[in-house]
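What follows is the content of coords-v4.tsv (TSV, C-alpha atoms).
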chain	number	residue	atom	x	y	z
A	164	MET	CA	144.10	-115.57	-61.07
A	165	LEU	CA	144.20	-111.81	-61.44
A	166	SER	CA	142.91	-109.69	-64.28
A	167	LEU	CA	144.63	-106.42	-65.13
A	168	GLY	CA	143.34	-103.45	-67.05
A	169	SER	CA	144.34	-99.88	-67.84
A	170	ASN	CA	142.92	-97.19	-70.09
A	171	LEU	CA	144.60	-94.00	-68.89
A	172	GLY	CA	148.17	-92.77	-69.18
A	173	ASP	CA	150.98	-95.28	-69.75
A	174	ARG	CA	148.65	-98.24	-70.06
A	175	LEU	CA	151.37	-100.83	-70.67
A	176	GLY	CA	153.54	-99.37	-67.91
A	177	PHE	CA	150.68	-99.62	-65.43
A	178	LEU	CA	150.04	-103.27	-66.35
A	179	GLN	CA	153.77	-103.94	-65.91
A	180	SER	CA	153.70	-102.27	-62.49
A	181	ALA	CA	150.94	-104.66	-61.41
A	182	LEU	CA	153.06	-107.65	-62.45
A	183	ASP	CA	156.05	-106.21	-60.61
A	184	ALA	CA	153.86	-105.95	-57.49
A	185	VAL	CA	153.11	-109.69	-57.51
A	186	ARG	CA	156.64	-110.96	-58.10
A	187	PRO	CA	158.02	-113.50	-57.23
A	188	ALA	CA	154.58	-115.16	-57.01
A	189	LEU	CA	154.02	-114.65	-60.75
A	190	VAL	CA	153.55	-118.01	-62.50
A	191	SER	CA	152.40	-116.91	-65.96
A	192	VAL	CA	151.03	-113.91	-67.79
A	193	SER	CA	148.91	-113.68	-70.92
A	194	SER	CA	149.53	-111.62	-73.99
A	195	VAL	CA	148.33	-108.03	-73.89
A	196	TYR	CA	144.92	-107.41	-75.45
A	197	GLU	CA	143.17	-104.19	-76.38
A	198	THR	CA	139.47	-104.08	-75.63
A	199	GLN	CA	136.60	-101.64	-75.74
A	200	ALA	CA	135.41	-100.24	-72.44
A	201	TRP	CA	132.72	-102.23	-70.66
A	202	GLY	CA	129.95	-100.70	-68.55
A	203	VAL	CA	130.67	-97.03	-69.28
A	204	GLU	CA	131.54	-97.14	-72.96
A	205	ASP	CA	132.41	-93.47	-73.59
A	206	GLN	CA	136.08	-93.76	-72.60
A	207	PRO	CA	139.41	-94.88	-74.09
A	208	ASP	CA	140.06	-98.53	-74.95
A	209	PHE	CA	141.69	-100.73	-72.34
A	210	LEU	CA	144.82	-102.79	-72.39
A	211	ASN	CA	144.06	-106.03	-70.58
A	212	ALA	CA	145.99	-109.09	-69.45
A	213	VAL	CA	145.59	-111.82	-66.87
A	214	CYS	CA	148.16	-113.50	-64.69
A	215	VAL	CA	148.37	-116.62	-62.62
A	216	VAL	CA	150.00	-116.16	-59.23
A	217	ASP	CA	150.93	-118.63	-56.53
A	218	ASP	CA	152.04	-117.85	-53.01
A	219	PRO	CA	150.90	-120.22	-50.23
A	220	ALA	CA	151.48	-117.41	-47.71
A	221	ARG	CA	148.78	-115.21	-49.32
A	222	ASP	CA	145.07	-115.87	-49.03
A	223	HIS	CA	142.38	-114.18	-51.11
A	224	TRP	CA	142.37	-111.13	-48.81
A	225	ALA	CA	146.12	-110.70	-49.21
A	226	TRP	CA	145.72	-110.81	-53.00
A	227	LEU	CA	143.01	-108.14	-52.77
A	228	ARG	CA	145.29	-105.90	-50.69
A	229	THR	CA	148.18	-106.51	-53.09
A	230	GLY	CA	146.01	-105.47	-56.03
A	231	GLN	CA	144.70	-102.41	-54.21
A	232	ALA	CA	148.26	-101.33	-53.32
A	233	ALA	CA	149.28	-101.64	-56.99
A	234	GLU	CA	146.26	-99.56	-58.01
A	235	GLN	CA	147.15	-96.88	-55.44
A	236	ALA	CA	150.77	-96.79	-56.61
A	237	ALA	CA	149.45	-96.22	-60.16
A	238	GLY	CA	147.42	-93.24	-58.95
A	239	ARG	CA	144.02	-94.84	-59.46
A	240	VAL	CA	141.12	-92.56	-58.56
A	241	ARG	CA	137.66	-94.08	-58.10
A	242	GLU	CA	135.25	-91.44	-59.38
A	243	LEU	CA	132.88	-93.38	-61.61
A	244	HIS	CA	131.89	-97.04	-61.34
A	245	TRP	CA	133.33	-98.78	-64.45
A	246	GLY	CA	134.92	-95.47	-65.40
A	247	PRO	CA	138.39	-94.75	-66.77
A	248	ARG	CA	141.34	-95.84	-64.65
A	249	THR	CA	145.09	-95.97	-64.63
A	250	LEU	CA	145.05	-99.51	-63.26
A	251	ASP	CA	142.43	-102.07	-62.34
A	252	VAL	CA	143.52	-105.28	-60.62
A	253	ASP	CA	140.71	-107.76	-60.02
A	254	VAL	CA	141.04	-110.95	-58.02
A	255	VAL	CA	139.13	-113.36	-60.26
A	256	THR	CA	139.61	-116.62	-58.39
A	257	VAL	CA	141.88	-117.97	-55.66
A	258	ASP	CA	142.25	-121.75	-55.30
A	259	GLY	CA	138.52	-122.38	-55.66
A	260	VAL	CA	137.63	-120.05	-52.76
A	261	THR	CA	134.16	-118.56	-52.88
A	262	SER	CA	133.25	-115.38	-51.03
A	263	ALA	CA	130.01	-113.46	-50.70
A	264	ASP	CA	131.67	-110.62	-48.80
A	265	PRO	CA	130.75	-107.36	-50.56
A	266	GLU	CA	134.40	-106.24	-50.40
A	267	LEU	CA	135.64	-109.36	-52.19
A	268	LEU	CA	133.15	-111.41	-54.19
A	269	LEU	CA	134.72	-114.63	-55.47
A	270	PRO	CA	134.78	-115.71	-58.11
A	271	HIS	CA	134.80	-112.15	-59.43
A	272	PRO	CA	131.28	-111.30	-60.59
A	273	GLY	CA	130.85	-110.78	-64.29
A	274	THR	CA	133.77	-113.01	-65.23
A	275	PRO	CA	131.58	-115.49	-67.16
A	276	ASP	CA	130.30	-112.56	-69.24
A	277	ARG	CA	133.58	-110.79	-70.00
A	278	ALA	CA	135.49	-111.85	-73.06
A	279	SER	CA	138.18	-109.37	-71.99
A	280	VAL	CA	139.00	-111.73	-69.11
A	281	LEU	CA	138.13	-115.09	-70.69
A	282	VAL	CA	140.18	-114.68	-73.90
A	283	PRO	CA	143.52	-114.02	-72.17
A	284	TRP	CA	142.75	-116.58	-69.46
A	285	VAL	CA	142.08	-119.35	-71.99
A	286	GLU	CA	145.41	-118.46	-73.59
A	287	ILE	CA	147.42	-119.32	-70.46
A	288	GLU	CA	145.12	-121.82	-68.70
A	289	PRO	CA	142.89	-123.46	-71.31
A	290	ASP	CA	141.67	-126.12	-68.85
A	291	ALA	CA	140.86	-123.72	-66.00
A	292	ILE	CA	137.55	-123.96	-64.18
A	293	LEU	CA	135.70	-120.93	-62.82
A	294	PRO	CA	134.17	-122.14	-59.53
A	295	GLY	CA	130.41	-122.35	-59.78
A	296	HIS	CA	130.43	-121.72	-63.54
A	297	GLY	CA	132.49	-124.46	-65.17
A	298	PRO	CA	135.30	-124.60	-67.72
A	299	ILE	CA	136.38	-121.18	-68.92
A	300	ALA	CA	136.77	-122.48	-72.48
A	301	GLU	CA	133.05	-123.30	-72.48
A	302	LEU	CA	132.20	-119.91	-70.97
A	303	LEU	CA	134.17	-118.25	-73.77
A	304	GLU	CA	132.43	-120.36	-76.43
A	305	ALA	CA	129.09	-119.14	-75.05
A	306	ARG	CA	130.01	-115.47	-75.59
A	307	PRO	CA	128.73	-113.83	-78.78
A	308	ALA	CA	131.29	-113.97	-81.61
A	309	ASP	CA	131.06	-110.23	-82.20
A	310	GLU	CA	131.95	-109.59	-78.55
A	311	VAL	CA	134.92	-111.98	-78.63
A	312	ALA	CA	136.14	-110.28	-81.83
A	313	THR	CA	136.50	-106.98	-79.92
A	314	VAL	CA	139.26	-108.53	-77.77
A	315	ARG	CA	142.29	-107.82	-79.96
A	316	ARG	CA	145.70	-109.32	-79.21
A	317	THR	CA	148.48	-106.75	-79.46
A	318	ASP	CA	152.21	-106.99	-80.11
A	319	LEU	CA	152.92	-105.40	-76.73
A	320	GLU	CA	154.73	-107.52	-74.17
A	321	LEU	CA	154.81	-107.77	-70.41
A	322	ARG	CA	157.76	-109.25	-68.58
Conversion result in structure tokens:
Amino acid sequence: MLSLGSNLGDRLGFLQSALDAVRPALVSVSSVYETQAWGVEDQPDFLNAVCVVDDPARDHWAWLRTGQAAEQAAGRVRELHWGPRTLDVDVVTVDGVTSADPELLLPHPGTPDRASVLVPWVEIEPDAILPGHGPIAELLEARPADEVATVRRTDLELR
């Protein structure tokens, strides 16, 4: 499962470009949500979505490289940790794989604490399990209601 985010430029267009980069492995995509920035809060709101992908020929490293290539194509510049970005593609989980490699921590750290990932994920995979953490629906229920309320579904659509 991949999470997508953008808060600079053509936010929806950048999310769409990430989906285009994973075709034909795209299985499903969530609605588009608008969320407040996390980490560094003095920046524009994000558009976020998640997608489920499936390609037996790609392992977790291949998904990381695919996401990084999409970010590069969107002109992402890494100047500030958790700072503004044209496109952020995070590999959240891949077939239950766990990794402690600093380049690719799996499941993606922080996922249990991020309503911006859990809300769209529950929408498309309500029974999903985050390895080492449990059912994502339960993780979402554990988030503070005021935090969950900041994840606002939009009328925007990805194809």
| said: Need the shell around range 184-189 of chain A: protein/DNA/RNA residues with any atom at most 7 Å away, counting all atoms listed in the file. Skip same-chain ones fewer than 5 positions apart. Format as a list in words? | reply: Val215, Val216, Asp217, Asp218 and Ala233 of chain A
| field | Minimum-distance residue to Thr249 in chain A, chosen among A:Ala212, A:Ala308, A:Ala291, A:Ala236 (using all atoms listed in the file) | value | A:Ala236
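Considering the residues A:Val314, A:Leu171, A:Val192, A:Ala181 and counting all atoms listed in the file, Gln235 in chain A has its shortest atom-to-atom contact with A:Ala181.
Atom to atom, CA of Asn170 in chain A and CA of Leu250 in chain A stand 7.5 Å apart.
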| What gap, in Å, lies between CA of His271 in chain A and CA of His223 in chain A? | 11.4 Å
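Interatomic distance, CA of Arg316 in chain A to CA of Ile299 in chain A: 18.3 Å.
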For range 195-210 of chain A: contacts at 10 Å, only C-alpha atoms, fewer than 5 positions along chain excluded, given as a PDB file with C-alpha atoms, keeping the file's coordinate frame:
ATOM      1  CA  LEU A 167     144.630-106.420 -65.130  1.00  0.00           C
ATOM      2  CA  GLY A 168     143.340-103.450 -67.050  1.00  0.00           C
ATOM      3  CA  SER A 169     144.340 -99.880 -67.840  1.00  0.00           C
ATOM      4  CA  ASN A 170     142.920 -97.190 -70.090  1.00  0.00           C
ATOM      5  CA  LEU A 171     144.600 -94.000 -68.890  1.00  0.00           C
ATOM      6  CA  ARG A 174     148.650 -98.240 -70.060  1.00  0.00           C
ATOM      7  CA  LEU A 175     151.370-100.830 -70.670  1.00  0.00           C
ATOM      8  CA  PHE A 177     150.680 -99.620 -65.430  1.00  0.00           C
ATOM      9  CA  LEU A 178     150.040-103.270 -66.350  1.00  0.00           C
ATOM     10  CA  LEU A 243     132.880 -93.380 -61.610  1.00  0.00           C
ATOM     11  CA  HIS A 244     131.890 -97.040 -61.340  1.00  0.00           C
ATOM     12  CA  TRP A 245     133.330 -98.780 -64.450  1.00  0.00           C
ATOM     13  CA  GLY A 246     134.920 -95.470 -65.400  1.00  0.00           C
ATOM     14  CA  PRO A 247     138.390 -94.750 -66.770  1.00  0.00           C
ATOM     15  CA  ARG A 248     141.340 -95.840 -64.650  1.00  0.00           C
ATOM     16  CA  THR A 249     145.090 -95.970 -64.630  1.00  0.00           C
ATOM     17  CA  LEU A 250     145.050 -99.510 -63.260  1.00  0.00           C
ATOM     18  CA  ARG A 277     133.580-110.790 -70.000  1.00  0.00           C
ATOM     19  CA  ALA A 278     135.490-111.850 -73.060  1.00  0.00           C
ATOM     20  CA  SER A 279     138.180-109.370 -71.990  1.00  0.00           C
ATOM     21  CA  VAL A 280     139.000-111.730 -69.110  1.00  0.00           C
ATOM     22  CA  VAL A 282     140.180-114.680 -73.900  1.00  0.00           C
ATOM     23  CA  PRO A 283     143.520-114.020 -72.170  1.00  0.00           C
ATOM     24  CA  GLU A 310     131.950-109.590 -78.550  1.00  0.00           C
ATOM     25  CA  VAL A 311     134.920-111.980 -78.630  1.00  0.00           C
ATOM     26  CA  ALA A 312     136.140-110.280 -81.830  1.00  0.00           C
ATOM     27  CA  THR A 313     136.500-106.980 -79.920  1.00  0.00           C
ATOM     28  CA  VAL A 314     139.260-108.530 -77.770  1.00  0.00           C
ATOM     29  CA  ARG A 315     142.290-107.820 -79.960  1.00  0.00           C
ATOM     30  CA  ARG A 316     145.700-109.320 -79.210  1.00  0.00           C
ATOM     31  CA  THR A 317     148.480-106.750 -79.460  1.00  0.00           C
ATOM     32  CA  ASP A 318     152.210-106.990 -80.110  1.00  0.00           C
ATOM     33  CA  LEU A 319     152.920-105.400 -76.730  1.00  0.00           C
ATOM     34  CA  GLU A 320     154.730-107.520 -74.170  1.00  0.00           C
ATOM     35  CA  LEU A 321     154.810-107.770 -70.410  1.00  0.00           C
TER      36      LEU A 321
END
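Counting only C-alpha atoms and comparing A:Ala220, A:Ala225, A:Leu267, A:Ala232, the residue that lies closest to Asp183 in chain A is A:Ala232.
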